[in-house]
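To start, the structure under review is shown below, and the notes come after it.
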Amino acid sequence: MKWNRWRDVTGYAVMILSSLVMLTPFLTTLFNSLKSYAQYTKVPPEWIPSPVQWSNYAEVWKMGPFGQYTLNSVIITVLSVVGALISCSMVAFAFARLKFPLKNTLFLVVLGTMMIPPVVLIIPQFVIFKSLHMLDTLTPLWIIEWLAQPFGIFLMRQAFLGIPRDYEESARLDGCNPFQIYVRIFMPMCKPTFATLAVFTFMTKWNEILSPAIFLTSKENFTLPIGILSMSGQWSGNEQYMVAAALMSLIPILLVFLFAEKYFVQGSNSAGIK
């Protein structure tokens, strides 16, 4: 009994220490965002701001059109998440449950595309969107997610394969076609995996820098990360404002993860991703 108790105490101590280590960068960023410039550049550094400069966050909004940047990021992210959930789940359902020629071969091809670095695809995508007159618009940043990305296909396929065929056969006996089975049976039973894919897509698109930097040129179309970087000259002498802006851009990701944490963990476990 004593051994088990000490093992539990040691385990909790390690987890608490690890959590504190992981929280240290976030707390440091938070404290730096609440400092004056003199406190921010002071050597040796003062960890706790005194007095707390809550006005830094208000000043950030005065230095540029952060409302427009945030709106652009929200539009791109929401459309990307919706597109990823619809397209990836439908393609995954076809690979998991439908029968068609060369199904396994095509799935291997899809998995093979995951080995292609995204940066390699930027030039072909740029040429395509230029010919479609979509450059300097938000469309190229979200429409790609409506074309079913390989990671999402793999994630959803693994979840669909875990559903017993008895449900599918019962639905067929009731007269359901494949689309009805997909909507009424598979989608409700795979909510955790949908949440996992939504969180992954949200984080990726919200923090994306390379594609917006390539496809966007007008300031009014900038996303939040690109907007913050584009104002690098204005941060000179006010670097604490840039820290505050970066922290503000992180808040939506934290909120989404907190609200979807339960489903995210369930979906990760069911898909074998840890």
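Identifiers for the structure tokens are assigned positionally: chains receive A, B, ... in sequence, residues are indexed from 1 per chain, and ligands are indexed from 1 in the order shown.
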Close residues, Glu208 of chain A itself excluded, 10 Å, only C-alpha atoms, min 3 positions apart in chain, as a VMD selection string
chain A and resid 73 77 141 202 to 205 211 to 213 223 to 226
Save out the residues we just selected, C-alpha atoms, as a short mmCIF file (atom, residue, chain, number, x, y, z; two decimals), in the first residue's frame.
```cif
data_model
loop_
_atom_site.label_atom_id
_atom_site.label_comp_id
_atom_site.auth_asym_id
_atom_site.auth_seq_id
_atom_site.Cartn_x
_atom_site.Cartn_y
_atom_site.Cartn_z
CA SER A 73 -9.04 35.01 -40.15
CA THR A 77 -10.96 29.42 -40.60
CA LEU A 141 -6.95 30.19 -48.37
CA PHE A 202 -8.78 25.41 -36.96
CA MET A 203 -5.30 25.53 -35.48
CA THR A 204 -3.64 25.06 -38.85
CA LYS A 205 -5.63 27.71 -40.71
CA SER A 211 -0.07 30.80 -47.92
CA PRO A 212 -1.47 34.22 -46.88
CA ALA A 213 1.95 35.76 -47.47
CA THR A 223 -5.13 37.57 -41.84
CA LEU A 224 -4.27 38.19 -38.19
CA PRO A 225 -0.78 36.55 -38.20
CA ILE A 226 0.21 38.35 -41.42
#
```
If we count only C-alpha atoms and set the cut-off at 12 Å, which residues sit around Met187 of chain A, ignoring sequence neighbours fewer than 2 positions away in its own chain? Please answer as an NGL selection string.
:A and (85-86 or 88-90 or 92-93 or 156-157 or 159-160 or 163 or 179-185 or 189-195)
List the spatial neighbours of Leu250 of chain A as a list in words - criterion: any atom at most 12 Å away, only C-alpha atoms, same-chain residues fewer than 3 positions off excluded.
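Surrounding residues, per the criterion: Phe26, Thr29, Leu30, Thr70, Phe202, Met203, Trp206, Asn207, Leu224, Pro225, Val243, Ala244, Ala245, Ala246, Leu247, Ile253, Leu254, Leu255, Val256 and Phe257 of chain A.
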Those same residues, written as a PDB file, in the first residue's frame with C-alpha atoms?
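Output file result_29.pdb is given in full below:
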```pdb
ATOM      1  CA  PHE A  26       2.736  31.275 -21.736  1.00  0.00           C
ATOM      2  CA  THR A  29       4.342  36.059 -22.611  1.00  0.00           C
ATOM      3  CA  LEU A  30       1.375  37.197 -20.543  1.00  0.00           C
ATOM      4  CA  THR A  70      -9.483  39.111 -37.155  1.00  0.00           C
ATOM      5  CA  PHE A 202      -8.781  25.414 -36.956  1.00  0.00           C
ATOM      6  CA  MET A 203      -5.298  25.527 -35.477  1.00  0.00           C
ATOM      7  CA  TRP A 206      -5.668  30.265 -37.875  1.00  0.00           C
ATOM      8  CA  ASN A 207      -1.867  30.172 -37.536  1.00  0.00           C
ATOM      9  CA  LEU A 224      -4.271  38.194 -38.195  1.00  0.00           C
ATOM     10  CA  PRO A 225      -0.782  36.553 -38.196  1.00  0.00           C
ATOM     11  CA  VAL A 243       3.667  40.450 -27.540  1.00  0.00           C
ATOM     12  CA  ALA A 244       0.156  41.555 -26.581  1.00  0.00           C
ATOM     13  CA  ALA A 245      -1.013  41.209 -30.186  1.00  0.00           C
ATOM     14  CA  ALA A 246       0.482  37.715 -30.462  1.00  0.00           C
ATOM     15  CA  LEU A 247      -1.220  36.698 -27.228  1.00  0.00           C
ATOM     16  CA  ILE A 253      -7.246  28.626 -30.323  1.00  0.00           C
ATOM     17  CA  LEU A 254      -7.312  28.208 -26.550  1.00  0.00           C
ATOM     18  CA  LEU A 255     -11.082  28.684 -26.450  1.00  0.00           C
ATOM     19  CA  VAL A 256     -11.720  26.190 -29.233  1.00  0.00           C
ATOM     20  CA  PHE A 257      -9.479  23.605 -27.631  1.00  0.00           C
TER      21      PHE A 257
END
```
As a VMD selection string, please: every residue in segment 139-182 of chain A that DSSP puts in helix (DSSP H, G or I).
chain A and resid 139 to 147 150 to 161 165 to 173 178 to 182
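Taking only C-alpha atoms into account, Leu111 of chain A lies nearest to A:Leu155 out of the set A:Leu34, A:Leu155, A:Ile228, A:Val14.
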Write out as number ranges by chain the residues lying within 10 Å of Ser55 of chain A, counting only C-alpha atoms and excluding same-chain residues fewer than 4 positions away.
A: 33-36, 59-60, 241
Selected residues written out with N, CA, C and O atoms, as a PDB file, in the first residue's frame:
```pdb
ATOM      1  N   SER A  33       3.397  41.082 -21.956  1.00  0.00           N
ATOM      2  CA  SER A  33       2.386  41.887 -22.641  1.00  0.00           C
ATOM      3  C   SER A  33       1.783  42.957 -21.738  1.00  0.00           C
ATOM      4  O   SER A  33       1.115  43.870 -22.232  1.00  0.00           O
ATOM      5  N   LEU A  34       2.014  42.854 -20.446  1.00  0.00           N
ATOM      6  CA  LEU A  34       1.442  43.800 -19.478  1.00  0.00           C
ATOM      7  C   LEU A  34       2.483  44.747 -18.911  1.00  0.00           C
ATOM      8  O   LEU A  34       2.237  45.431 -17.922  1.00  0.00           O
ATOM      9  N   LYS A  35       3.657  44.808 -19.556  1.00  0.00           N
ATOM     10  CA  LYS A  35       4.732  45.683 -19.093  1.00  0.00           C
ATOM     11  C   LYS A  35       4.808  46.952 -19.923  1.00  0.00           C
ATOM     12  O   LYS A  35       4.341  46.995 -21.067  1.00  0.00           O
ATOM     13  N   SER A  36       5.431  47.947 -19.358  1.00  0.00           N
ATOM     14  CA  SER A  36       5.811  49.116 -20.137  1.00  0.00           C
ATOM     15  C   SER A  36       7.083  48.780 -20.903  1.00  0.00           C
ATOM     16  O   SER A  36       7.735  47.764 -20.640  1.00  0.00           O
ATOM     17  N   GLU A  59      -4.024  49.748 -26.912  1.00  0.00           N
ATOM     18  CA  GLU A  59      -3.116  50.417 -27.842  1.00  0.00           C
ATOM     19  C   GLU A  59      -2.883  49.588 -29.099  1.00  0.00           C
ATOM     20  O   GLU A  59      -2.694  50.133 -30.182  1.00  0.00           O
ATOM     21  N   VAL A  60      -2.884  48.268 -28.936  1.00  0.00           N
ATOM     22  CA  VAL A  60      -2.686  47.395 -30.096  1.00  0.00           C
ATOM     23  C   VAL A  60      -3.768  47.639 -31.137  1.00  0.00           C
ATOM     24  O   VAL A  60      -3.494  47.728 -32.340  1.00  0.00           O
ATOM     25  N   TYR A 241       3.839  45.702 -27.232  1.00  0.00           N
ATOM     26  CA  TYR A 241       2.567  45.680 -27.944  1.00  0.00           C
ATOM     27  C   TYR A 241       2.488  44.470 -28.874  1.00  0.00           C
ATOM     28  O   TYR A 241       1.422  43.869 -29.054  1.00  0.00           O
TER      29      TYR A 241
END
```
Find the residues near Leu135 of chain A: any atom within 7 Å, counting only C-alpha atoms, skip ones fewer than 3 places away on the same chain, and give them as JSON, numbers by chain.
{"A": [129, 130, 215, 216]}
For those residues, write all heavy atoms to a file as a compact mmCIF listing (two decimals), in the first residue's frame.
```txt
# COMPACT_ATOMS: atom_id res chain seq x y z
N PHE A 129 -4.38 29.56 -59.14
CA PHE A 129 -5.23 30.64 -58.64
C PHE A 129 -5.04 31.93 -59.44
O PHE A 129 -5.98 32.73 -59.56
CB PHE A 129 -4.95 30.89 -57.15
CG PHE A 129 -5.44 29.79 -56.26
CD1 PHE A 129 -4.60 29.20 -55.32
CD2 PHE A 129 -6.73 29.31 -56.36
CE1 PHE A 129 -5.04 28.18 -54.50
CE2 PHE A 129 -7.20 28.29 -55.56
CZ PHE A 129 -6.34 27.72 -54.63
N LYS A 130 -3.85 32.14 -59.97
CA LYS A 130 -3.64 33.31 -60.82
C LYS A 130 -4.46 33.20 -62.10
O LYS A 130 -5.08 34.19 -62.55
CB LYS A 130 -2.16 33.45 -61.16
CG LYS A 130 -1.85 34.68 -62.00
CD LYS A 130 -0.36 34.79 -62.31
CE LYS A 130 -0.07 36.02 -63.17
NZ LYS A 130 1.39 36.14 -63.48
N PHE A 215 -0.41 34.58 -51.32
CA PHE A 215 -1.61 34.87 -52.09
C PHE A 215 -2.18 36.26 -51.85
O PHE A 215 -2.97 36.74 -52.66
CB PHE A 215 -2.69 33.83 -51.79
CG PHE A 215 -2.32 32.43 -52.18
CD1 PHE A 215 -2.55 31.36 -51.32
CD2 PHE A 215 -1.72 32.16 -53.40
CE1 PHE A 215 -2.21 30.06 -51.67
CE2 PHE A 215 -1.37 30.87 -53.76
CZ PHE A 215 -1.61 29.82 -52.89
N LEU A 216 -1.85 36.90 -50.74
CA LEU A 216 -2.45 38.18 -50.39
C LEU A 216 -1.45 39.32 -50.54
O LEU A 216 -0.28 39.18 -50.17
CB LEU A 216 -2.97 38.16 -48.95
CG LEU A 216 -4.01 37.08 -48.61
CD1 LEU A 216 -4.40 37.17 -47.14
CD2 LEU A 216 -5.24 37.22 -49.50
```
Spatial neighbours of Pro49 of chain A, 12 Å, only C-alpha atoms, chain gap at least 4 places, as an NGL selection string
:A and (27-42 or 45 or 53-54 or 240)
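You will find atom CA of Pro118 of chain A at 13.2 Å from atom CA of Glu145 of chain A.
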Closest of A:Phe151, A:Arg172, A:Thr10, A:Tyr69 to Ser218 of chain A, counting only C-alpha atoms, is A:Tyr69
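The interatomic distance for the pair atom CA of Asp136 of chain A and atom CA of Asn221 of chain A works out to 7.2 Å.
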